[in-house]
Amino acid sequence: MSFTDLPAPTAPFRDARYAPRRLEIEHRPGGEIVLTNPTPYDTRFQTMTAALEHWAMKTPSRVWLAERSGGGWRTITYAEAREQITAIAGYLLGMGVVRAEPLLILAHNGIDHALIAYAAMSQRMPIAPVSPQYGLMGANPARLGRALEVLKPACVYTDDAALFAEGLSAPGLSGLPVIASKNPRPRDIPFSQVLKGSPDVATARPIDAAKYLLTSGSTGHPKAVICTHANVCINSAQITACFHDPDPPVMVNSAPWSHSLGANSILHNTLHRGGTLYIDHGAPVASRFGETVQNLKEISPTYQNMVPAGWMLFVEALEKDKALAKRFFARVRLLQYGGAALGQAVADRIEAVALKTVGEKISFGSGYGATETGPTATNIHWHNDRMGLIGLPLPGTSVRLMPEAGKLDFRVKGPQVTPGYLGHPEASARAFDDQGFYVIGDAARFVDPDDPAQGMIFDGRLSENFKLASGTFVGVGDIRIGAVGAIGGAVTDAIVCGEGRESVGLLLYPRPGMRRPEIAVAVRAGIEAYNSRVRGSGARVARALVLPDGPDAASGEITDKGYVAQALARTRRGEALVRLFAEPPPFDVLTF
């Protein structure tokens, strides 16, 4: 039997090296359910540089980080990283900036970024990496201004003082010392100078704040989540305990370090396991995804994480390029998506290429949580090719499911959960329920209510969902995933609309470069197919309008994690929203 003859449902999975699944279930009065994973996890590393010290001694010549430099790669080994981090730590101490106020990081992912971040954290100085979008030319200055009001930094690091000149001129940064890797201004401190500091040993404790990570701030009032050394390190240990895998991971990843997925689940998890991270400066948009493809033509990862928009682009590249598919599937053991749900059709296409290339399916995983939960509270830790699952609790984590309005309100308790928000004791207290569970504000449901061990499915962001004029509840996540998946590659995402109206409508982001008539045909066929499969006015799409352009990152319409901020996008696209529901429908509004 050839690879192409293997039936997908019965084809074997490549061994992802998962540990056995374990789950304790407690049923409480009123329909409440508590799920707990009793699997033990390693507690050796509880400060951000503890794992670095270990791997620098055990595997000093192994590459920790690599980034593009000309036609090749700039690399840094574990031993080199330890040496440079201790030198930077000594320089920061000599500057007198090491204190409770954070080191603000206004930079893209990069080796220098990682080195100065870990140096500051090693000395009990928190870091505050903000989205690069905040400081680029043309960005809304109010977003950075609000962040600075919350963070009150003591010092600034930037990878390029010219690129971020506008952000660095913000009033809240006036008079602060600035360390710059490229294009330092006359008063800035060159990063090359910082590397000449006298080495100093780490003094951080597990209870110390390692970093402050901003929530999205879609309401205009961002909060800074306190991530202690123990929160971040234990979350990496919990994820590691989901596997029986002694080999260090190799990753190619672009998730920004201003968010917990990229900074904690990718960057620090690589360090925790002594792996190698190839820093990808591509992005999950058509204009910048070519760099990601080029990187994956050169590097065969063992683990690959992308947002759904990235996988949608990558599957087309895999289907067209046999050499790319051969390199990519050579040793990858696990595919992961996050930030939003991945359509089943896209995953099936990827599995089809895997079967044709290597004769095995590759397990698809996903995690779930929030910045406040480490970020990972649950994940899929068993072989899987079904999309939409959020898995089960990580080792050492409990999930409380509370019946509310016909759904199960999802709450989390575990050592990876934040103690609260910087400077906001009232908001910190409100974030937890009467039993100490963090209240995310999302809902979950079981794949099989009679067998919770089969895992959970995300059941909507309660903060994004709304009701129609009839009182019918609209689950934004399910509609968005189902409709966009049915339409296929003609659109990249959707804003689900209709609050207080008679029916549901979609504002659709077009695929760049595709002709409008072709998009309209695909939208009509896709939504008709989607509507034929759903029941109820709260799930059926009645109208659709293709927007003139894609989501605007500078305004926060799409986050740099790659998902659409639905509530903010509906506000920003107010004129299109009015047009979508106008009577009679304008010529470019599709009705169903």
# chains A, B, ... in the order shown; residues from 1 in each chain; ligands from 1
call {"tool": "residues_around", "arguments": {"residues": "Cys497 in chain A", "least_positions_apart": "2", "cutoff": "6 Å", "atoms": "only C-alpha atoms", "output": "list in words"}}
result
Val504, Gly505 and Leu506 of chain A
call {"tool": "select_by_dssp", "arguments": {"residues": "range 250-380 of chain A", "states": "alpha helix (DSSP H)", "output": "number ranges by chain"}}
result
A: 260, 269-272, 289-298, 308-320, 322-328, 344-358
call {"tool": "closest_atom_pairs", "arguments": {"of": "range 155-273 of chain A", "to": "range 74-90 of chain A", "cutoff": "10 Å", "atoms": "only C-alpha atoms", "output": "JSON lines"}}
result
{"residue": "A:Phe191", "atom": "CA", "partner": "A:Ile88", "partner_atom": "CA", "distance": 9.1}
{"residue": "A:Ser192", "atom": "CA", "partner": "A:Ile88", "partner_atom": "CA", "distance": 9.9}
{"residue": "A:Gln193", "atom": "CA", "partner": "A:Ile88", "partner_atom": "CA", "distance": 9.2}
{"residue": "A:Val194", "atom": "CA", "partner": "A:Ile88", "partner_atom": "CA", "distance": 5.6}
{"residue": "A:Leu195", "atom": "CA", "partner": "A:Ile88", "partner_atom": "CA", "distance": 5.3}
{"residue": "A:Lys196", "atom": "CA", "partner": "A:Ala87", "partner_atom": "CA", "distance": 6.3}
{"residue": "A:Gly197", "atom": "CA", "partner": "A:Ala87", "partner_atom": "CA", "distance": 4.6}
{"residue": "A:Ser198", "atom": "CA", "partner": "A:Gly90", "partner_atom": "CA", "distance": 5.0}
{"residue": "A:Pro199", "atom": "CA", "partner": "A:Ala87", "partner_atom": "CA", "distance": 4.1}
{"residue": "A:Asp200", "atom": "CA", "partner": "A:Gly90", "partner_atom": "CA", "distance": 4.9}
{"residue": "A:Val201", "atom": "CA", "partner": "A:Thr86", "partner_atom": "CA", "distance": 6.4}
{"residue": "A:Ala202", "atom": "CA", "partner": "A:Thr86", "partner_atom": "CA", "distance": 7.7}
{"residue": "A:Leu271", "atom": "CA", "partner": "A:Tyr78", "partner_atom": "CA", "distance": 8.9}
call {"tool": "atom_distance", "arguments": {"atom1": "CA of Ala469 in chain A", "atom2": "CA of Arg501 in chain A"}}
result
4.9 Å
call {"tool": "residues_around", "arguments": {"residues": "Pro249 in chain A", "least_positions_apart": "5", "cutoff": "7 Å", "atoms": "only C-alpha atoms", "output": "MDAnalysis selection string"}}
result
chainID A and resid 270 275:276 302:303
call {"tool": "write_last_selection", "arguments": {"atoms": "N, CA and C atoms", "output": "PDB file, in the first residue's frame"}}
result
ATOM      1  N   THR A 270      11.059  26.430  25.628  1.00  0.00           N
ATOM      2  CA  THR A 270      12.264  25.968  24.939  1.00  0.00           C
ATOM      3  C   THR A 270      13.443  25.942  25.901  1.00  0.00           C
ATOM      4  N   GLY A 275      15.943  23.192  24.672  1.00  0.00           N
ATOM      5  CA  GLY A 275      15.764  23.075  23.232  1.00  0.00           C
ATOM      6  C   GLY A 275      16.346  24.229  22.457  1.00  0.00           C
ATOM      7  N   THR A 276      16.003  24.274  21.174  1.00  0.00           N
ATOM      8  CA  THR A 276      16.499  25.317  20.267  1.00  0.00           C
ATOM      9  C   THR A 276      15.317  26.000  19.602  1.00  0.00           C
ATOM     10  N   THR A 302      10.720  19.869  15.429  1.00  0.00           N
ATOM     11  CA  THR A 302      10.082  18.710  16.056  1.00  0.00           C
ATOM     12  C   THR A 302       8.694  19.083  16.569  1.00  0.00           C
ATOM     13  N   TYR A 303       8.444  20.373  16.670  1.00  0.00           N
ATOM     14  CA  TYR A 303       7.178  20.894  17.198  1.00  0.00           C
ATOM     15  C   TYR A 303       6.887  22.180  16.460  1.00  0.00           C
TER      16      TYR A 303
END
call {"tool": "closest_residue", "arguments": {"among": "A:Met306, A:Ile350, A:Ala142, A:Met48", "to": "Tyr118 in chain A", "atoms": "only C-alpha atoms"}}
result
A:Met48
